[in-house]
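A.B. asks: Supplied structure: coords34.pdb, PDB, C-alpha atoms and all ligand atoms.
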ATOM      1  CA  MET G 638     -39.441 -91.358 -12.713  1.00  0.00           C
ATOM      2  CA  MET G 639     -35.857 -91.889 -11.534  1.00  0.00           C
ATOM      3  CA  LYS G 640     -34.699 -88.943 -13.636  1.00  0.00           C
ATOM      4  CA  LYS G 641     -37.305 -86.690 -12.126  1.00  0.00           C
ATOM      5  CA  MET G 642     -36.279 -87.791  -8.652  1.00  0.00           C
ATOM      6  CA  ALA G 643     -32.620 -87.069  -9.373  1.00  0.00           C
ATOM      7  CA  LEU G 644     -33.487 -83.603 -10.635  1.00  0.00           C
ATOM      8  CA  VAL G 645     -35.418 -82.837  -7.465  1.00  0.00           C
ATOM      9  CA  LEU G 646     -32.439 -83.976  -5.402  1.00  0.00           C
ATOM     10  CA  ILE G 647     -30.034 -81.794  -7.363  1.00  0.00           C
ATOM     11  CA  ILE G 648     -32.239 -78.761  -6.873  1.00  0.00           C
ATOM     12  CA  ALA G 649     -32.588 -79.500  -3.184  1.00  0.00           C
ATOM     13  CA  ALA G 650     -28.831 -79.897  -2.845  1.00  0.00           C
ATOM     14  CA  SER G 651     -28.100 -76.606  -4.582  1.00  0.00           C
ATOM     15  CA  VAL G 652     -30.590 -74.775  -2.371  1.00  0.00           C
ATOM     16  CA  LEU G 653     -28.861 -76.270   0.655  1.00  0.00           C
ATOM     17  CA  MET G 654     -25.425 -75.311  -0.673  1.00  0.00           C
ATOM     18  CA  SER G 655     -26.390 -71.685  -1.171  1.00  0.00           C
ATOM     19  CA  CYS G 656     -27.747 -71.604   2.369  1.00  0.00           C
ATOM     20  CA  LEU G 657     -24.463 -72.971   3.657  1.00  0.00           C
ATOM     21  CA  ASN G 658     -22.572 -70.259   1.799  1.00  0.00           C
ATOM     22  CA  VAL G 659     -24.722 -67.592   3.395  1.00  0.00           C
ATOM     23  CA  CYS G 660     -24.213 -69.092   6.837  1.00  0.00           C
ATOM     24  CA  GLU G 661     -20.456 -69.180   6.353  1.00  0.00           C
ATOM     25  CA  ALA G 662     -20.422 -65.573   5.217  1.00  0.00           C
ATOM     26  CA  ALA G 663     -22.347 -64.618   8.342  1.00  0.00           C
ATOM     27  CA  VAL G 664     -19.716 -66.304  10.501  1.00  0.00           C
ATOM     28  CA  THR G 665     -16.698 -64.718   8.812  1.00  0.00           C
ATOM     29  CA  GLU G 666     -18.282 -61.268   8.753  1.00  0.00           C
ATOM     30  CA  GLU G 667     -19.175 -61.411  12.412  1.00  0.00           C
ATOM     31  CA  PRO G 668     -20.543 -58.126  13.758  1.00  0.00           C
ATOM     32  CA  GLN G 669     -17.984 -55.974  15.598  1.00  0.00           C
ATOM     33  CA  VAL G 670     -20.400 -54.805  18.227  1.00  0.00           C
ATOM     34  CA  MET G 671     -21.918 -57.286  20.600  1.00  0.00           C
ATOM     35  CA  HIS G 672     -24.679 -56.886  23.124  1.00  0.00           C
ATOM     36  CA  VAL G 673     -24.610 -58.931  26.293  1.00  0.00           C
ATOM     37  CA  GLY G 674     -27.857 -59.019  28.212  1.00  0.00           C
ATOM     38  CA  GLY G 675     -28.919 -60.590  31.479  1.00  0.00           C
ATOM     39  CA  LYS G 676     -30.569 -59.999  34.814  1.00  0.00           C
ATOM     40  CA  VAL G 677     -29.522 -59.458  38.397  1.00  0.00           C
ATOM     41  CA  LEU G 678     -31.842 -60.922  40.991  1.00  0.00           C
ATOM     42  CA  CYS G 679     -32.049 -61.240  44.749  1.00  0.00           C
ATOM     43  CA  GLN G 680     -32.329 -64.658  46.308  1.00  0.00           C
ATOM     44  CA  ASP G 681     -33.804 -64.997  49.735  1.00  0.00           C
ATOM     45  CA  CYS G 682     -32.641 -68.142  51.500  1.00  0.00           C
ATOM     46  CA  THR G 683     -35.258 -67.767  54.202  1.00  0.00           C
ATOM     47  CA  LYS G 684     -37.848 -68.957  51.687  1.00  0.00           C
ATOM     48  CA  ASP G 685     -38.193 -72.627  50.868  1.00  0.00           C
ATOM     49  CA  TYR G 686     -36.143 -73.947  47.985  1.00  0.00           C
ATOM     50  CA  LYS G 687     -38.780 -73.513  45.282  1.00  0.00           C
ATOM     51  CA  GLU G 688     -39.464 -69.947  46.247  1.00  0.00           C
ATOM     52  CA  TRP G 689     -35.767 -69.347  46.761  1.00  0.00           C
ATOM     53  CA  VAL G 690     -35.004 -70.239  43.182  1.00  0.00           C
ATOM     54  CA  LYS G 691     -38.202 -69.079  41.494  1.00  0.00           C
ATOM     55  CA  GLY G 692     -39.413 -66.265  43.695  1.00  0.00           C
ATOM     56  CA  ASP G 693     -36.392 -64.052  43.194  1.00  0.00           C
ATOM     57  CA  LYS G 694     -36.860 -60.336  42.820  1.00  0.00           C
ATOM     58  CA  PRO G 695     -34.958 -58.061  40.452  1.00  0.00           C
ATOM     59  CA  ILE G 696     -32.386 -55.603  41.832  1.00  0.00           C
ATOM     60  CA  ASN G 697     -32.564 -52.091  40.455  1.00  0.00           C
ATOM     61  CA  GLY G 698     -29.296 -50.173  40.081  1.00  0.00           C
ATOM     62  CA  SER G 699     -26.840 -53.013  40.606  1.00  0.00           C
ATOM     63  CA  LYS G 700     -23.630 -52.973  38.594  1.00  0.00           C
ATOM     64  CA  VAL G 701     -22.280 -55.628  36.275  1.00  0.00           C
ATOM     65  CA  SER G 702     -18.980 -55.633  34.400  1.00  0.00           C
ATOM     66  CA  ILE G 703     -17.495 -57.339  31.386  1.00  0.00           C
ATOM     67  CA  THR G 704     -13.796 -58.035  31.051  1.00  0.00           C
ATOM     68  CA  CYS G 705     -12.323 -59.363  27.821  1.00  0.00           C
ATOM     69  CA  MET G 706      -8.888 -60.809  27.241  1.00  0.00           C
ATOM     70  CA  ASP G 707      -6.637 -61.285  24.260  1.00  0.00           C
ATOM     71  CA  GLU G 708      -5.044 -64.600  23.366  1.00  0.00           C
ATOM     72  CA  ARG G 709      -2.272 -63.961  25.932  1.00  0.00           C
ATOM     73  CA  HIS G 710      -4.829 -63.464  28.710  1.00  0.00           C
ATOM     74  CA  ARG G 711      -4.184 -59.748  28.977  1.00  0.00           C
ATOM     75  CA  VAL G 712      -7.254 -57.647  29.713  1.00  0.00           C
ATOM     76  CA  VAL G 713      -8.003 -55.622  26.602  1.00  0.00           C
ATOM     77  CA  TYR G 714     -11.514 -54.469  27.352  1.00  0.00           C
ATOM     78  CA  TYR G 715     -13.492 -53.442  30.405  1.00  0.00           C
ATOM     79  CA  GLY G 716     -17.039 -52.148  30.479  1.00  0.00           C
ATOM     80  CA  SER G 717     -19.929 -51.965  32.904  1.00  0.00           C
ATOM     81  CA  ASP G 718     -23.632 -51.343  33.046  1.00  0.00           C
ATOM     82  CA  GLY G 719     -26.326 -50.851  35.677  1.00  0.00           C
ATOM     83  CA  THR G 720     -29.568 -52.762  35.951  1.00  0.00           C
ATOM     84  CA  ASP G 721     -33.002 -51.217  35.491  1.00  0.00           C
ATOM     85  CA  VAL G 722     -36.086 -51.778  37.654  1.00  0.00           C
ATOM     86  CA  LYS G 723     -36.545 -55.177  36.030  1.00  0.00           C
ATOM     87  CA  GLY G 724     -32.989 -56.096  37.036  1.00  0.00           C
ATOM     88  CA  GLN G 725     -31.931 -56.118  33.405  1.00  0.00           C
ATOM     89  CA  PHE G 726     -28.628 -54.940  32.018  1.00  0.00           C
ATOM     90  CA  GLU G 727     -27.199 -54.706  28.539  1.00  0.00           C
ATOM     91  CA  LEU G 728     -23.481 -54.386  27.990  1.00  0.00           C
ATOM     92  CA  ILE G 729     -22.571 -53.035  24.565  1.00  0.00           C
ATOM     93  CA  VAL G 730     -19.079 -54.028  23.564  1.00  0.00           C
ATOM     94  CA  ASN G 731     -17.063 -53.080  20.510  1.00  0.00           C
ATOM     95  CA  LYS G 732     -14.723 -55.970  19.762  1.00  0.00           C
ATOM     96  CA  ILE G 733     -12.327 -53.860  17.701  1.00  0.00           C
ATOM     97  CA  ARG G 734      -9.397 -52.595  19.725  1.00  0.00           C
ATOM     98  CA  SER G 735      -7.370 -49.450  19.034  1.00  0.00           C
ATOM     99  CA  ASN G 736      -4.699 -51.549  17.311  1.00  0.00           C
ATOM    100  CA  GLY G 737      -7.295 -52.848  14.859  1.00  0.00           C
ATOM    101  CA  LYS G 738      -7.337 -56.365  16.251  1.00  0.00           C
ATOM    102  CA  SER G 739     -10.440 -57.824  17.792  1.00  0.00           C
ATOM    103  CA  PHE G 740     -10.946 -60.196  20.680  1.00  0.00           C
ATOM    104  CA  ASN G 741     -13.243 -63.193  20.872  1.00  0.00           C
ATOM    105  CA  ALA G 742     -16.556 -63.071  22.686  1.00  0.00           C
ATOM    106  CA  GLN G 743     -15.518 -66.370  24.267  1.00  0.00           C
ATOM    107  CA  ASP G 744     -12.644 -64.591  26.040  1.00  0.00           C
ATOM    108  CA  CYS G 745     -14.955 -62.296  27.977  1.00  0.00           C
ATOM    109  CA  LEU G 746     -16.256 -62.694  31.533  1.00  0.00           C
ATOM    110  CA  VAL G 747     -19.331 -61.053  33.045  1.00  0.00           C
ATOM    111  CA  ARG G 748     -19.247 -60.377  36.798  1.00  0.00           C
ATOM    112  CA  LEU G 749     -21.304 -58.791  39.516  1.00  0.00           C
ATOM    113  CA  ILE G 750     -19.806 -55.536  40.831  1.00  0.00           C
ATOM    114  CA  SER G 751     -22.236 -54.088  43.349  1.00  0.00           C
ATOM    115  CA  SER G 752     -25.764 -54.005  44.657  1.00  0.00           C
ATOM    116  CA  PRO G 753     -27.303 -50.796  46.015  1.00  0.00           C
ATOM    117  CA  ASP G 754     -29.696 -52.820  48.165  1.00  0.00           C
ATOM    118  CA  ALA G 755     -28.341 -53.161  51.708  1.00  0.00           C
ATOM    119  CA  THR G 756     -30.754 -56.026  52.325  1.00  0.00           C
ATOM    120  CA  CYS G 757     -29.465 -57.918  49.289  1.00  0.00           C
ATOM    121  CA  ASN G 758     -25.811 -57.220  48.569  1.00  0.00           C
ATOM    122  CA  VAL G 759     -23.963 -60.452  49.316  1.00  0.00           C
ATOM    123  CA  PHE G 760     -22.356 -61.945  46.221  1.00  0.00           C
ATOM    124  CA  THR G 761     -23.335 -65.481  45.246  1.00  0.00           C
ATOM    125  CA  ASN G 762     -21.938 -67.663  42.543  1.00  0.00           C
ATOM    126  CA  PHE G 763     -25.356 -69.032  41.665  1.00  0.00           C
ATOM    127  CA  GLY G 764     -25.324 -68.222  37.965  1.00  0.00           C
ATOM    128  CA  GLY G 765     -21.572 -67.579  38.104  1.00  0.00           C
ATOM    129  CA  GLY G 766     -21.640 -63.864  38.909  1.00  0.00           C
ATOM    130  CA  ARG G 767     -18.926 -63.971  41.544  1.00  0.00           C
ATOM    131  CA  THR G 768     -16.220 -65.783  39.593  1.00  0.00           C
ATOM    132  CA  GLY G 769     -17.440 -64.640  36.185  1.00  0.00           C
ATOM    133  CA  VAL G 770     -19.645 -66.035  33.442  1.00  0.00           C
ATOM    134  CA  LYS G 771     -18.364 -66.896  29.994  1.00  0.00           C
ATOM    135  CA  LEU G 772     -20.461 -66.144  26.977  1.00  0.00           C
ATOM    136  CA  GLY G 773     -21.908 -69.177  25.246  1.00  0.00           C
ATOM    137  CA  ARG G 774     -23.512 -69.177  21.836  1.00  0.00           C
ATOM    138  CA  PRO G 775     -25.133 -65.964  20.638  1.00  0.00           C
ATOM    139  CA  SER G 776     -28.844 -65.831  21.408  1.00  0.00           C
ATOM    140  CA  SER G 777     -29.402 -63.924  18.208  1.00  0.00           C
ATOM    141  CA  VAL G 778     -27.498 -62.704  15.181  1.00  0.00           C
ATOM    142  CA  TYR G 779     -29.300 -60.250  13.003  1.00  0.00           C
ATOM    143  CA  ARG G 780     -27.469 -58.173  10.397  1.00  0.00           C
ATOM    144  CA  ASP G 781     -24.897 -56.165  12.348  1.00  0.00           C
ATOM    145  CA  LEU G 782     -26.256 -57.095  15.763  1.00  0.00           C
ATOM    146  CA  ILE G 783     -24.958 -60.051  17.686  1.00  0.00           C
ATOM    147  CA  LYS G 784     -26.531 -60.698  21.028  1.00  0.00           C
ATOM    148  CA  TYR G 785     -25.575 -62.931  23.947  1.00  0.00           C
ATOM    149  CA  THR G 786     -27.952 -63.601  26.803  1.00  0.00           C
ATOM    150  CA  ILE G 787     -26.555 -64.997  30.014  1.00  0.00           C
ATOM    151  CA  SER G 788     -28.536 -66.691  32.749  1.00  0.00           C
ATOM    152  CA  PRO G 789     -29.506 -64.599  35.811  1.00  0.00           C
ATOM    153  CA  LEU G 790     -26.893 -63.561  38.385  1.00  0.00           C
ATOM    154  CA  TYR G 791     -27.741 -63.398  42.066  1.00  0.00           C
ATOM    155  CA  PHE G 792     -27.063 -61.438  45.185  1.00  0.00           C
ATOM    156  CA  THR G 793     -28.436 -62.693  48.453  1.00  0.00           C
ATOM    157  CA  THR G 794     -29.298 -61.276  51.868  1.00  0.00           C
ATOM    158  CA  PRO G 795     -26.647 -60.912  54.610  1.00  0.00           C
ATOM    159  CA  MET G 796     -28.827 -63.232  56.697  1.00  0.00           C
ATOM    160  CA  CYS G 797     -28.331 -65.954  54.117  1.00  0.00           C
ATOM    161  CA  ASP G 798     -24.576 -65.574  54.007  1.00  0.00           C
ATOM    162  CA  GLU G 799     -23.886 -68.777  55.913  1.00  0.00           C
ATOM    163  CA  PRO G 800     -20.792 -70.751  54.969  1.00  0.00           C
ATOM    164  CA  HIS G 801     -22.866 -73.807  54.004  1.00  0.00           C
ATOM    165  CA  LEU G 802     -24.838 -71.740  51.531  1.00  0.00           C
ATOM    166  CA  LYS G 803     -21.819 -70.558  49.604  1.00  0.00           C
ATOM    167  CA  TYR G 804     -21.267 -72.148  46.254  1.00  0.00           C
TER     168      TYR G 804
HETATM  169  C1  LIG V 901     -33.810 -47.445  40.034  1.00  0.00           C
HETATM  170  O1  LIG V 901     -32.490 -46.988  40.241  1.00  0.00           O
HETATM  171  C2  LIG V 901     -32.205 -45.715  39.716  1.00  0.00           C
HETATM  172  C3  LIG V 901     -30.746 -45.396  39.975  1.00  0.00           C
HETATM  173  O2  LIG V 901     -29.923 -46.437  39.582  1.00  0.00           O
HETATM  174  C4  LIG V 901     -33.105 -44.686  40.361  1.00  0.00           C
HETATM  175  O3  LIG V 901     -32.886 -43.429  39.779  1.00  0.00           O
HETATM  176  C5  LIG V 901     -34.580 -45.092  40.192  1.00  0.00           C
HETATM  177  O4  LIG V 901     -35.386 -44.180  40.901  1.00  0.00           O
HETATM  178  C6  LIG V 901     -34.795 -46.492  40.702  1.00  0.00           C
HETATM  179  N1  LIG V 901     -36.168 -46.888  40.441  1.00  0.00           N
HETATM  180  C7  LIG V 901     -36.929 -47.466  41.350  1.00  0.00           C
HETATM  181  C8  LIG V 901     -38.329 -47.798  40.921  1.00  0.00           C
HETATM  182  O5  LIG V 901     -36.543 -47.730  42.464  1.00  0.00           O
END
Just give me the structure as structure tokens.
Ligand SMILES: *[C@@H]1O[C@H](CO)[C@@H](O)[C@H](O)[C@H]1NC(C)=O

C.D. replies:
Amino acid sequence: MMKKMALVLIIAASVLMSCLNVCEAAVTEEPQVMHVGGKVLCQDCTKDYKEWVKGDKPINGSKVSITCMDERHRVVYYGSDGTDVKGQFELIVNKIRSNGKSFNAQDCLVRLISSPDATCNVFTNFGGGRTGVKLGRPSSVYRDLIKYTISPLYFTTPMCDEPHLKY
């Protein structure tokens, strides 16, 4: 009985070990191209708080940028994308630079650039879009695709641009 148990444990351990090897390989051979997705929404402060936070509407055609730095904090990559009717954007970034080196996803910042909507074009930092959002953990890694999804970024209405509402 004990022998059988030990055998089962050894098999289980070896299965676990081979999984760990695969996981490690996936980390070292990290994909060179990353996709960063998110949404740009409009917040209307004239609504009550619940609606303000939940009832936000997407902004079509707003611009979002990504800036990435090397280990000496020099900007080595800049890219931008526009949002679709659902307010969604997807930045596609190649991490390999012309000198063959690559930068870390964690050294990139995503920022709001512009909103085409005159009724909703005041920058807010709700979600971090004004100062810039860092990328966290990838939301998915599949073969050569690594994807990051950031939380929504917000513009607000000029009417809501009161000093006490700034973050
Ligand atoms: C969304 O914006 C694009 C330009 O960025 C425009 O061509 C398109 O007509 C807009 N769609 C809607 C439904 O407003």

A.B. asks: Mind giving me the straight-line distance from atom CA of Arg709 of chain G to atom CA of Leu746 of chain G in Å, one decimal?

C.D. replies: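 Atom-to-atom, atom CA of Arg709 of chain G and atom CA of Leu746 of chain G are spaced 15.1 Å apart.
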
A.B. asks: Could you give me, as a PyMOL selection string, every polymer residue with an atom at most 12 Å away from an atom of ligand LIG 901 (chain V), counting all atoms listed in the file?

C.D. replies: chain G and resi 695-700+718-726+751-754

A.B. asks: I need the chosen residues saved as a short mmCIF file (atom, residue, chain, number, x, y, z; two decimals), in the frame of the given file, with C-alpha atoms.

C.D. replies:
data_model
loop_
_atom_site.label_atom_id
_atom_site.label_comp_id
_atom_site.auth_asym_id
_atom_site.auth_seq_id
_atom_site.Cartn_x
_atom_site.Cartn_y
_atom_site.Cartn_z
CA PRO G 695 -34.96 -58.06 40.45
CA ILE G 696 -32.39 -55.60 41.83
CA ASN G 697 -32.56 -52.09 40.46
CA GLY G 698 -29.30 -50.17 40.08
CA SER G 699 -26.84 -53.01 40.61
CA LYS G 700 -23.63 -52.97 38.59
CA ASP G 718 -23.63 -51.34 33.05
CA GLY G 719 -26.33 -50.85 35.68
CA THR G 720 -29.57 -52.76 35.95
CA ASP G 721 -33.00 -51.22 35.49
CA VAL G 722 -36.09 -51.78 37.65
CA LYS G 723 -36.54 -55.18 36.03
CA GLY G 724 -32.99 -56.10 37.04
CA GLN G 725 -31.93 -56.12 33.40
CA PHE G 726 -28.63 -54.94 32.02
CA SER G 751 -22.24 -54.09 43.35
CA SER G 752 -25.76 -54.00 44.66
CA PRO G 753 -27.30 -50.80 46.02
CA ASP G 754 -29.70 -52.82 48.16
#

A.B. asks: Within 6 Å of (-24.8, -60.1, 31.8), all atoms listed in the file: residues as a list in words?

C.D. replies: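 Checked against the point, the hits come out as Val673, Gly674, Gly675, Val747 and Ile787 of chain G.
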
A.B. asks: Enclose all atoms of segment 666-685 of chain G listed in the file in an axis-aligned box, grow every side by 8 Å, and hand back centre and edge lengths in Å to one decimal, as JSON.

C.D. replies:
{"center_x": -28.1, "center_y": -63.7, "center_z": 31.5, "size_x": 36.2, "size_y": 33.8, "size_z": 61.4}

A.B. asks: Find the residues near Tyr779 of chain G: any atom within 10 Å, counting all atoms listed in the file, skip ones fewer than 3 places away on the same chain, and give them as number ranges by chain.

C.D. replies: G: 663, 668, 782-784

A.B. asks: Tell me which residues the PyMOL selection byres (((chain G and resi 770-776) around 9) and not hetatm) grabs here, as number ranges by chain.

C.D. replies: G: 673, 742-748, 764-769, 777-778, 783-788

A.B. asks: Here is a test: counting only C-alpha atoms, which residue of G:Thr761, G:Arg711, G:Arg780, G:Ala755 is nearest to Gln680 of chain G?

C.D. replies: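 Residue with the minimum atom-to-atom distance to Gln680 of chain G: G:Thr761.
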
A.B. asks: In Å, how far is it from atom CA of Ser717 of chain G to atom CA of Asp681 of chain G?

C.D. replies: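 Pair atom CA of Ser717 of chain G / atom CA of Asp681 of chain G returns 25.4 Å.
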
A.B. asks: Given the file above and the PyMOL selection byres (((chain G and resi 678) around 6) and not hetatm), which residues are selected, and can you give them as number ranges by chain?

C.D. replies: G: 677, 679, 693-696, 791

A.B. asks: Residues as selected, C-alpha atoms, written as a short mmCIF file (atom, residue, chain, number, x, y, z; two decimals), in the frame of the given file, can you do that?

C.D. replies:
data_model
loop_
_atom_site.label_atom_id
_atom_site.label_comp_id
_atom_site.auth_asym_id
_atom_site.auth_seq_id
_atom_site.Cartn_x
_atom_site.Cartn_y
_atom_site.Cartn_z
CA VAL G 677 -29.52 -59.46 38.40
CA CYS G 679 -32.05 -61.24 44.75
CA ASP G 693 -36.39 -64.05 43.19
CA LYS G 694 -36.86 -60.34 42.82
CA PRO G 695 -34.96 -58.06 40.45
CA ILE G 696 -32.39 -55.60 41.83
CA TYR G 791 -27.74 -63.40 42.07
#

A.B. asks: Can you save segment 706-786 of chain G of the given block to a file, including C-alpha atoms and formatted as a PDB file, in the first residue's frame?

C.D. replies:
ATOM      1  CA  MET G 706      11.264  53.522 -21.713  1.00  0.00           C
ATOM      2  CA  ASP G 707      14.560  51.719 -21.461  1.00  0.00           C
ATOM      3  CA  GLU G 708      16.310  51.034 -18.176  1.00  0.00           C
ATOM      4  CA  ARG G 709      17.736  54.589 -18.193  1.00  0.00           C
ATOM      5  CA  HIS G 710      14.251  56.087 -18.522  1.00  0.00           C
ATOM      6  CA  ARG G 711      14.802  57.212 -22.089  1.00  0.00           C
ATOM      7  CA  VAL G 712      11.757  56.939 -24.334  1.00  0.00           C
ATOM      8  CA  VAL G 713      12.451  54.183 -26.837  1.00  0.00           C
ATOM      9  CA  TYR G 714       8.980  53.581 -28.185  1.00  0.00           C
ATOM     10  CA  TYR G 715       5.912  55.654 -28.945  1.00  0.00           C
ATOM     11  CA  GLY G 716       2.701  54.456 -30.531  1.00  0.00           C
ATOM     12  CA  SER G 717      -0.941  55.447 -30.629  1.00  0.00           C
ATOM     13  CA  ASP G 718      -4.337  54.132 -31.558  1.00  0.00           C
ATOM     14  CA  GLY G 719      -7.884  55.441 -31.914  1.00  0.00           C
ATOM     15  CA  THR G 720     -10.975  54.016 -30.284  1.00  0.00           C
ATOM     16  CA  ASP G 721     -13.850  52.429 -32.182  1.00  0.00           C
ATOM     17  CA  VAL G 722     -17.574  52.982 -31.602  1.00  0.00           C
ATOM     18  CA  LYS G 723     -17.370  50.774 -28.522  1.00  0.00           C
ATOM     19  CA  GLY G 724     -14.604  53.004 -27.153  1.00  0.00           C
ATOM     20  CA  GLN G 725     -12.099  50.197 -27.549  1.00  0.00           C
ATOM     21  CA  PHE G 726      -8.495  50.532 -28.607  1.00  0.00           C
ATOM     22  CA  GLU G 727      -5.715  48.058 -29.200  1.00  0.00           C
ATOM     23  CA  LEU G 728      -2.112  49.172 -29.258  1.00  0.00           C
ATOM     24  CA  ILE G 729       0.201  46.716 -30.991  1.00  0.00           C
ATOM     25  CA  VAL G 730       3.763  47.113 -29.838  1.00  0.00           C
ATOM     26  CA  ASN G 731       6.909  45.383 -31.022  1.00  0.00           C
ATOM     27  CA  LYS G 732       9.282  45.211 -28.067  1.00  0.00           C
ATOM     28  CA  ILE G 733      12.373  44.719 -30.222  1.00  0.00           C
ATOM     29  CA  ARG G 734      14.187  47.960 -30.919  1.00  0.00           C
ATOM     30  CA  SER G 735      16.383  48.711 -33.933  1.00  0.00           C
ATOM     31  CA  ASN G 736      19.488  47.937 -31.866  1.00  0.00           C
ATOM     32  CA  GLY G 737      18.157  44.448 -31.166  1.00  0.00           C
ATOM     33  CA  LYS G 738      17.449  45.089 -27.506  1.00  0.00           C
ATOM     34  CA  SER G 739      13.954  44.929 -26.131  1.00  0.00           C
ATOM     35  CA  PHE G 740      12.213  46.904 -23.430  1.00  0.00           C
ATOM     36  CA  ASN G 741       9.989  45.619 -20.656  1.00  0.00           C
ATOM     37  CA  ALA G 742       6.222  45.878 -20.820  1.00  0.00           C
ATOM     38  CA  GLN G 743       6.415  47.176 -17.250  1.00  0.00           C
ATOM     39  CA  ASP G 744       8.297  50.254 -18.493  1.00  0.00           C
ATOM     40  CA  CYS G 745       5.432  51.402 -20.691  1.00  0.00           C
ATOM     41  CA  LEU G 746       2.731  53.970 -19.914  1.00  0.00           C
ATOM     42  CA  VAL G 747      -0.660  54.312 -21.596  1.00  0.00           C
ATOM     43  CA  ARG G 748      -2.168  57.813 -21.725  1.00  0.00           C
ATOM     44  CA  LEU G 749      -5.152  59.646 -23.090  1.00  0.00           C
ATOM     45  CA  ILE G 750      -4.287  61.987 -25.978  1.00  0.00           C
ATOM     46  CA  SER G 751      -7.526  63.464 -27.270  1.00  0.00           C
ATOM     47  CA  SER G 752     -11.273  63.175 -27.486  1.00  0.00           C
ATOM     48  CA  PRO G 753     -13.174  64.279 -30.597  1.00  0.00           C
ATOM     49  CA  ASP G 754     -16.298  64.866 -28.513  1.00  0.00           C
ATOM     50  CA  ALA G 755     -16.590  68.540 -27.554  1.00  0.00           C
ATOM     51  CA  THR G 756     -19.098  67.609 -24.861  1.00  0.00           C
ATOM     52  CA  CYS G 757     -16.680  65.119 -23.308  1.00  0.00           C
ATOM     53  CA  ASN G 758     -13.052  66.116 -23.768  1.00  0.00           C
ATOM     54  CA  VAL G 759     -11.770  67.018 -20.309  1.00  0.00           C
ATOM     55  CA  PHE G 760      -9.031  64.674 -19.129  1.00  0.00           C
ATOM     56  CA  THR G 761      -9.578  62.807 -15.869  1.00  0.00           C
ATOM     57  CA  ASN G 762      -7.210  60.612 -13.974  1.00  0.00           C
ATOM     58  CA  PHE G 763      -9.956  58.174 -13.057  1.00  0.00           C
ATOM     59  CA  GLY G 764      -8.332  55.016 -14.375  1.00  0.00           C
ATOM     60  CA  GLY G 765      -4.984  56.813 -14.650  1.00  0.00           C
ATOM     61  CA  GLY G 766      -5.308  58.120 -18.205  1.00  0.00           C
ATOM     62  CA  ARG G 767      -3.979  61.589 -17.483  1.00  0.00           C
ATOM     63  CA  THR G 768      -0.740  60.674 -15.727  1.00  0.00           C
ATOM     64  CA  GLY G 769      -0.365  57.310 -17.445  1.00  0.00           C
ATOM     65  CA  VAL G 770      -1.220  53.707 -16.657  1.00  0.00           C
ATOM     66  CA  LYS G 771       1.388  51.018 -16.179  1.00  0.00           C
ATOM     67  CA  LEU G 772       0.795  47.572 -17.537  1.00  0.00           C
ATOM     68  CA  GLY G 773       0.158  44.917 -14.921  1.00  0.00           C
ATOM     69  CA  ARG G 774       0.161  41.202 -15.549  1.00  0.00           C
ATOM     70  CA  PRO G 775      -0.724  39.989 -19.031  1.00  0.00           C
ATOM     71  CA  SER G 776      -4.405  39.152 -19.389  1.00  0.00           C
ATOM     72  CA  SER G 777      -3.504  36.376 -21.771  1.00  0.00           C
ATOM     73  CA  VAL G 778      -0.466  34.669 -23.230  1.00  0.00           C
ATOM     74  CA  TYR G 779      -1.113  32.379 -26.119  1.00  0.00           C
ATOM     75  CA  ARG G 780       1.698  31.159 -28.370  1.00  0.00           C
ATOM     76  CA  ASP G 781       3.237  34.309 -29.842  1.00  0.00           C
ATOM     77  CA  LEU G 782       0.532  36.639 -28.565  1.00  0.00           C
ATOM     78  CA  ILE G 783       0.821  38.407 -25.262  1.00  0.00           C
ATOM     79  CA  LYS G 784      -2.040  40.630 -24.294  1.00  0.00           C
ATOM     80  CA  TYR G 785      -2.468  43.265 -21.594  1.00  0.00           C
ATOM     81  CA  THR G 786      -5.850  44.714 -20.745  1.00  0.00           C
TER      82      THR G 786
END
